[in-house]
Amino acid sequence: MNVGTPLRWAAGEDVAGVVVRELLPRVDQIAAGEYPETVLHALGTAGALAAGDLDPWAYERKRLAVIRAVARCCLATAFLVWCHTAAVVYVRTGASPWLRSELLPALEQGAVLAGTGLSNPVKAAAGLERIRLRATPAGDGFRISGTLAAVSNLGPGHWFGVVAETGAGRVAALLPADAPGVELVPRDRFVALNGTATYAVRLVDVAVPARWVLARDADAWLARIRPGFLLSQVGLGLGLADDVAAHVGRRVGRRPGLAWWAARLERARRRLETALAGVAAAPPATEAEWRRLVHLRRAAGRLAFHAAEAVAVADGSAGYQSGSYASRRAREAWFVAILTPSLTQLEVERGRQGGRG
Ligand SMILES: Cc1cc2nc3c(=O)[nH]c(=O)nc-3n(C[C@H](O)[C@H](O)[C@H](O)COP(=O)(O)OP(=O)(O)OC[C@H]3O[C@@H](n4cnc5c(N)ncnc54)[C@H](O)[C@@H]3O)c2cc1C
């Protein structure tokens, strides 16, 4: 594994160190479906999940860097970091002082873990599907019902973000996974990422008090958090490609025919790196900057596919064995393409924006 430049955060321990000590020895078990909860706790203790006093965009850059460092080793764990830190963003940007004072410190330390069920509202905001959850006003809050197809990083004591339709608009809330009326149905027959503690989530008339409400105008709130949602996901494709590029590069000398594949991956990786430097400098303020961010997220999905192709040709029949490095990386890469916003969704978005960014 290529751990790259160590990333040091305020807590004094570097992310790459946690990855090498805690994550690397467990990669095969995680690929077999084990949920790396202890790794998430260790990253939290190291300060890797914390926003502290960073401004919102600086935290998105930190998320990207941590996710990239973790994805160099294991995409499932990197995705869990993305889910958890998305929930940190929800609480930081949300309207509940109670969540900020009572839950946020534990989330930032990784002592309490959280996920996000926002694929559905993000697709709904793009006009691709209807909102799956229904909220009815009740007391100072709501009662929410409906089903989400997949929410990762869940378990007893965990929390997760949702958006529900009231009929007069949409509300966002953070719910405990063990609140009365929340049913978790395990989903562990994926081709990869089975270690992500992913569940179909059924909400049956779940009572949501005002202190769990993140936004009473969820559309406006989603528009605020969406740039960071995309930027941080770039770390998934980039980290995976960093490691595959190093893996393929070590084999080029012995297999000259590999040079073309290695060079293509390296070119795509460098192009993305250059584009990232521009986009990450400041949150998008104009249509043109938003287009560049959409283009960047799309490039990260395509880069993951380039990595999958390069590792497949590099490792030949050894890579074609189930349980091999190449097989794991290729299946992980597929996920970067279908994670919301998927490559097809980004294509629709590019079409609306009038072509290339
Ligand atoms: C292992 C795993 C973990 C996941 N964890 C989470 C999670 O924690 N939280 C969460 O919210 N979601 C999660 N998801 C869902 C994920 O983010 C994607 O939303 C989902 O995989 C996209 O596929 P779909 O089943 O919605 O595809 P479909 O709706 O069947 O669509 C197929 C493809 O077309 C795209 N598409 C659909 N309609 C249109 C259209 N009209 N125009 C253009 N493109 C369109 C979709 O985005 C998708 O790429 C998870 C999925 C997996 C596999």
# chains A, B, ... in the order shown; residues from 1 in each chain; ligands from 1
call {"tool": "residues_near_ligand", "arguments": {"ligand": "ligand 1", "cutoff": "8 Å", "atoms": "only C-alpha atoms and all ligand atoms", "output": "PyMOL selection string"}}
result
chain A and resi 83+115-120+123+127-129+148-153+190+192-194+196+198+335+337-348
call {"tool": "atom_distance", "arguments": {"atom1": "CA of Gly146 (chain A)", "atom2": "CA of Arg132 (chain A)"}}
result
5.9 Å
call {"tool": "select_by_dssp", "arguments": {"residues": "region 86-215 of chain A", "states": "helix (DSSP H, G or I)", "output": "number ranges by chain"}}
result
A: 86-93, 97-108, 119-125, 194-196, 210-212
call {"tool": "closest_residue", "arguments": {"among": "A:Val27, A:Leu154, A:Leu222, A:Gln109", "to": "Ala200 (chain A)", "atoms": "only C-alpha atoms"}}
result
A:Leu154
call {"tool": "decode", "arguments": {"residues": "region 318-333 of chain A", "atoms": "all heavy atoms", "output": "PDB file, in the first residue's frame"}}
result
ATOM      1  N   ALA A 318      -3.568 -13.861 -11.743  1.00  0.00           N
ATOM      2  CA  ALA A 318      -3.485 -13.811 -10.266  1.00  0.00           C
ATOM      3  C   ALA A 318      -4.517 -12.822  -9.737  1.00  0.00           C
ATOM      4  O   ALA A 318      -5.164 -13.052  -8.705  1.00  0.00           O
ATOM      5  CB  ALA A 318      -2.081 -13.399  -9.833  1.00  0.00           C
ATOM      6  N   GLY A 319      -4.711 -11.722 -10.462  1.00  0.00           N
ATOM      7  CA  GLY A 319      -5.700 -10.735 -10.057  1.00  0.00           C
ATOM      8  C   GLY A 319      -7.127 -11.206 -10.260  1.00  0.00           C
ATOM      9  O   GLY A 319      -8.051 -10.695  -9.630  1.00  0.00           O
ATOM     10  N   TYR A 320      -7.295 -12.189 -11.132  1.00  0.00           N
ATOM     11  CA  TYR A 320      -8.634 -12.689 -11.466  1.00  0.00           C
ATOM     12  C   TYR A 320      -9.138 -13.699 -10.423  1.00  0.00           C
ATOM     13  O   TYR A 320     -10.248 -14.205 -10.514  1.00  0.00           O
ATOM     14  CB  TYR A 320      -8.608 -13.307 -12.868  1.00  0.00           C
ATOM     15  CG  TYR A 320      -9.957 -13.345 -13.540  1.00  0.00           C
ATOM     16  CD1 TYR A 320     -10.668 -12.186 -13.803  1.00  0.00           C
ATOM     17  CD2 TYR A 320     -10.535 -14.565 -13.914  1.00  0.00           C
ATOM     18  CE1 TYR A 320     -11.902 -12.221 -14.421  1.00  0.00           C
ATOM     19  CE2 TYR A 320     -11.770 -14.612 -14.528  1.00  0.00           C
ATOM     20  CZ  TYR A 320     -12.450 -13.445 -14.783  1.00  0.00           C
ATOM     21  OH  TYR A 320     -13.674 -13.483 -15.380  1.00  0.00           O
ATOM     22  N   GLN A 321      -8.280 -13.997  -9.441  1.00  0.00           N
ATOM     23  CA  GLN A 321      -8.697 -14.877  -8.335  1.00  0.00           C
ATOM     24  C   GLN A 321      -9.584 -14.078  -7.377  1.00  0.00           C
ATOM     25  O   GLN A 321      -9.270 -12.925  -7.076  1.00  0.00           O
ATOM     26  CB  GLN A 321      -7.462 -15.346  -7.534  1.00  0.00           C
ATOM     27  CG  GLN A 321      -6.456 -16.123  -8.312  1.00  0.00           C
ATOM     28  CD  GLN A 321      -6.960 -17.513  -8.670  1.00  0.00           C
ATOM     29  OE1 GLN A 321      -7.614 -18.153  -7.860  1.00  0.00           O
ATOM     30  NE2 GLN A 321      -6.687 -17.948  -9.878  1.00  0.00           N
ATOM     31  N   SER A 322     -10.636 -14.716  -6.869  1.00  0.00           N
ATOM     32  CA  SER A 322     -11.413 -14.001  -5.847  1.00  0.00           C
ATOM     33  C   SER A 322     -10.502 -13.830  -4.633  1.00  0.00           C
ATOM     34  O   SER A 322      -9.660 -14.680  -4.348  1.00  0.00           O
ATOM     35  CB  SER A 322     -12.676 -14.782  -5.484  1.00  0.00           C
ATOM     36  OG  SER A 322     -12.331 -16.023  -4.971  1.00  0.00           O
ATOM     37  N   GLY A 323     -10.642 -12.715  -3.956  1.00  0.00           N
ATOM     38  CA  GLY A 323      -9.804 -12.453  -2.783  1.00  0.00           C
ATOM     39  C   GLY A 323      -8.499 -11.762  -3.132  1.00  0.00           C
ATOM     40  O   GLY A 323      -7.730 -11.399  -2.244  1.00  0.00           O
ATOM     41  N   SER A 324      -8.217 -11.546  -4.437  1.00  0.00           N
ATOM     42  CA  SER A 324      -6.959 -10.876  -4.804  1.00  0.00           C
ATOM     43  C   SER A 324      -7.075  -9.367  -4.609  1.00  0.00           C
ATOM     44  O   SER A 324      -8.178  -8.808  -4.546  1.00  0.00           O
ATOM     45  CB  SER A 324      -6.637 -11.165  -6.273  1.00  0.00           C
ATOM     46  OG  SER A 324      -7.546 -10.468  -7.101  1.00  0.00           O
ATOM     47  N   TYR A 325      -5.923  -8.716  -4.581  1.00  0.00           N
ATOM     48  CA  TYR A 325      -5.873  -7.247  -4.502  1.00  0.00           C
ATOM     49  C   TYR A 325      -6.610  -6.636  -5.690  1.00  0.00           C
ATOM     50  O   TYR A 325      -7.443  -5.740  -5.535  1.00  0.00           O
ATOM     51  CB  TYR A 325      -4.395  -6.800  -4.491  1.00  0.00           C
ATOM     52  CG  TYR A 325      -4.218  -5.302  -4.617  1.00  0.00           C
ATOM     53  CD1 TYR A 325      -4.294  -4.490  -3.491  1.00  0.00           C
ATOM     54  CD2 TYR A 325      -3.985  -4.709  -5.863  1.00  0.00           C
ATOM     55  CE1 TYR A 325      -4.137  -3.100  -3.611  1.00  0.00           C
ATOM     56  CE2 TYR A 325      -3.830  -3.337  -5.982  1.00  0.00           C
ATOM     57  CZ  TYR A 325      -3.907  -2.538  -4.860  1.00  0.00           C
ATOM     58  OH  TYR A 325      -3.773  -1.179  -4.973  1.00  0.00           O
ATOM     59  N   ALA A 326      -6.304  -7.131  -6.909  1.00  0.00           N
ATOM     60  CA  ALA A 326      -6.904  -6.531  -8.111  1.00  0.00           C
ATOM     61  C   ALA A 326      -8.419  -6.669  -8.086  1.00  0.00           C
ATOM     62  O   ALA A 326      -9.145  -5.738  -8.437  1.00  0.00           O
ATOM     63  CB  ALA A 326      -6.332  -7.201  -9.360  1.00  0.00           C
ATOM     64  N   SER A 327      -8.888  -7.829  -7.657  1.00  0.00           N
ATOM     65  CA  SER A 327     -10.338  -8.046  -7.642  1.00  0.00           C
ATOM     66  C   SER A 327     -11.008  -7.107  -6.630  1.00  0.00           C
ATOM     67  O   SER A 327     -12.052  -6.505  -6.917  1.00  0.00           O
ATOM     68  CB  SER A 327     -10.609  -9.522  -7.330  1.00  0.00           C
ATOM     69  OG  SER A 327     -11.652  -9.675  -6.439  1.00  0.00           O
ATOM     70  N   ARG A 328     -10.380  -6.929  -5.457  1.00  0.00           N
ATOM     71  CA  ARG A 328     -10.974  -6.006  -4.460  1.00  0.00           C
ATOM     72  C   ARG A 328     -10.984  -4.582  -4.994  1.00  0.00           C
ATOM     73  O   ARG A 328     -12.010  -3.903  -4.946  1.00  0.00           O
ATOM     74  CB  ARG A 328     -10.196  -6.064  -3.142  1.00  0.00           C
ATOM     75  CG  ARG A 328     -10.653  -5.005  -2.135  1.00  0.00           C
ATOM     76  CD  ARG A 328     -10.045  -5.196  -0.759  1.00  0.00           C
ATOM     77  NE  ARG A 328      -8.627  -4.946  -0.694  1.00  0.00           N
ATOM     78  CZ  ARG A 328      -8.059  -3.743  -0.484  1.00  0.00           C
ATOM     79  NH1 ARG A 328      -8.820  -2.669  -0.347  1.00  0.00           N
ATOM     80  NH2 ARG A 328      -6.746  -3.615  -0.417  1.00  0.00           N
ATOM     81  N   ARG A 329      -9.856  -4.129  -5.536  1.00  0.00           N
ATOM     82  CA  ARG A 329      -9.776  -2.740  -6.003  1.00  0.00           C
ATOM     83  C   ARG A 329     -10.739  -2.482  -7.161  1.00  0.00           C
ATOM     84  O   ARG A 329     -11.374  -1.418  -7.227  1.00  0.00           O
ATOM     85  CB  ARG A 329      -8.341  -2.409  -6.423  1.00  0.00           C
ATOM     86  CG  ARG A 329      -7.367  -2.194  -5.256  1.00  0.00           C
ATOM     87  CD  ARG A 329      -7.950  -1.314  -4.180  1.00  0.00           C
ATOM     88  NE  ARG A 329      -6.944  -0.650  -3.375  1.00  0.00           N
ATOM     89  CZ  ARG A 329      -7.210   0.288  -2.471  1.00  0.00           C
ATOM     90  NH1 ARG A 329      -8.466   0.644  -2.230  1.00  0.00           N
ATOM     91  NH2 ARG A 329      -6.258   0.855  -1.768  1.00  0.00           N
ATOM     92  N   ALA A 330     -10.874  -3.440  -8.069  1.00  0.00           N
ATOM     93  CA  ALA A 330     -11.768  -3.244  -9.219  1.00  0.00           C
ATOM     94  C   ALA A 330     -13.225  -3.144  -8.738  1.00  0.00           C
ATOM     95  O   ALA A 330     -13.999  -2.310  -9.214  1.00  0.00           O
ATOM     96  CB  ALA A 330     -11.595  -4.389 -10.208  1.00  0.00           C
ATOM     97  N   ARG A 331     -13.590  -3.985  -7.767  1.00  0.00           N
ATOM     98  CA  ARG A 331     -14.981  -3.939  -7.263  1.00  0.00           C
ATOM     99  C   ARG A 331     -15.208  -2.671  -6.444  1.00  0.00           C
ATOM    100  O   ARG A 331     -16.299  -2.089  -6.465  1.00  0.00           O
ATOM    101  CB  ARG A 331     -15.282  -5.206  -6.454  1.00  0.00           C
ATOM    102  CG  ARG A 331     -15.452  -6.433  -7.361  1.00  0.00           C
ATOM    103  CD  ARG A 331     -15.667  -7.735  -6.597  1.00  0.00           C
ATOM    104  NE  ARG A 331     -14.460  -8.193  -5.938  1.00  0.00           N
ATOM    105  CZ  ARG A 331     -14.288  -8.262  -4.624  1.00  0.00           C
ATOM    106  NH1 ARG A 331     -15.250  -7.925  -3.803  1.00  0.00           N
ATOM    107  NH2 ARG A 331     -13.138  -8.684  -4.123  1.00  0.00           N
ATOM    108  N   GLU A 332     -14.193  -2.224  -5.721  1.00  0.00           N
ATOM    109  CA  GLU A 332     -14.323  -0.958  -4.982  1.00  0.00           C
ATOM    110  C   GLU A 332     -14.520   0.212  -5.950  1.00  0.00           C
ATOM    111  O   GLU A 332     -15.307   1.127  -5.695  1.00  0.00           O
ATOM    112  CB  GLU A 332     -13.068  -0.718  -4.130  1.00  0.00           C
ATOM    113  CG  GLU A 332     -12.948  -1.641  -2.928  1.00  0.00           C
ATOM    114  CD  GLU A 332     -11.665  -1.397  -2.118  1.00  0.00           C
ATOM    115  OE1 GLU A 332     -10.731  -0.722  -2.629  1.00  0.00           O
ATOM    116  OE2 GLU A 332     -11.580  -1.881  -0.994  1.00  0.00           O
ATOM    117  N   ALA A 333     -13.759   0.177  -7.070  1.00  0.00           N
ATOM    118  CA  ALA A 333     -13.821   1.278  -8.040  1.00  0.00           C
ATOM    119  C   ALA A 333     -15.245   1.452  -8.577  1.00  0.00           C
ATOM    120  O   ALA A 333     -15.725   2.575  -8.773  1.00  0.00           O
ATOM    121  CB  ALA A 333     -12.853   1.009  -9.185  1.00  0.00           C
TER     122      ALA A 333
END
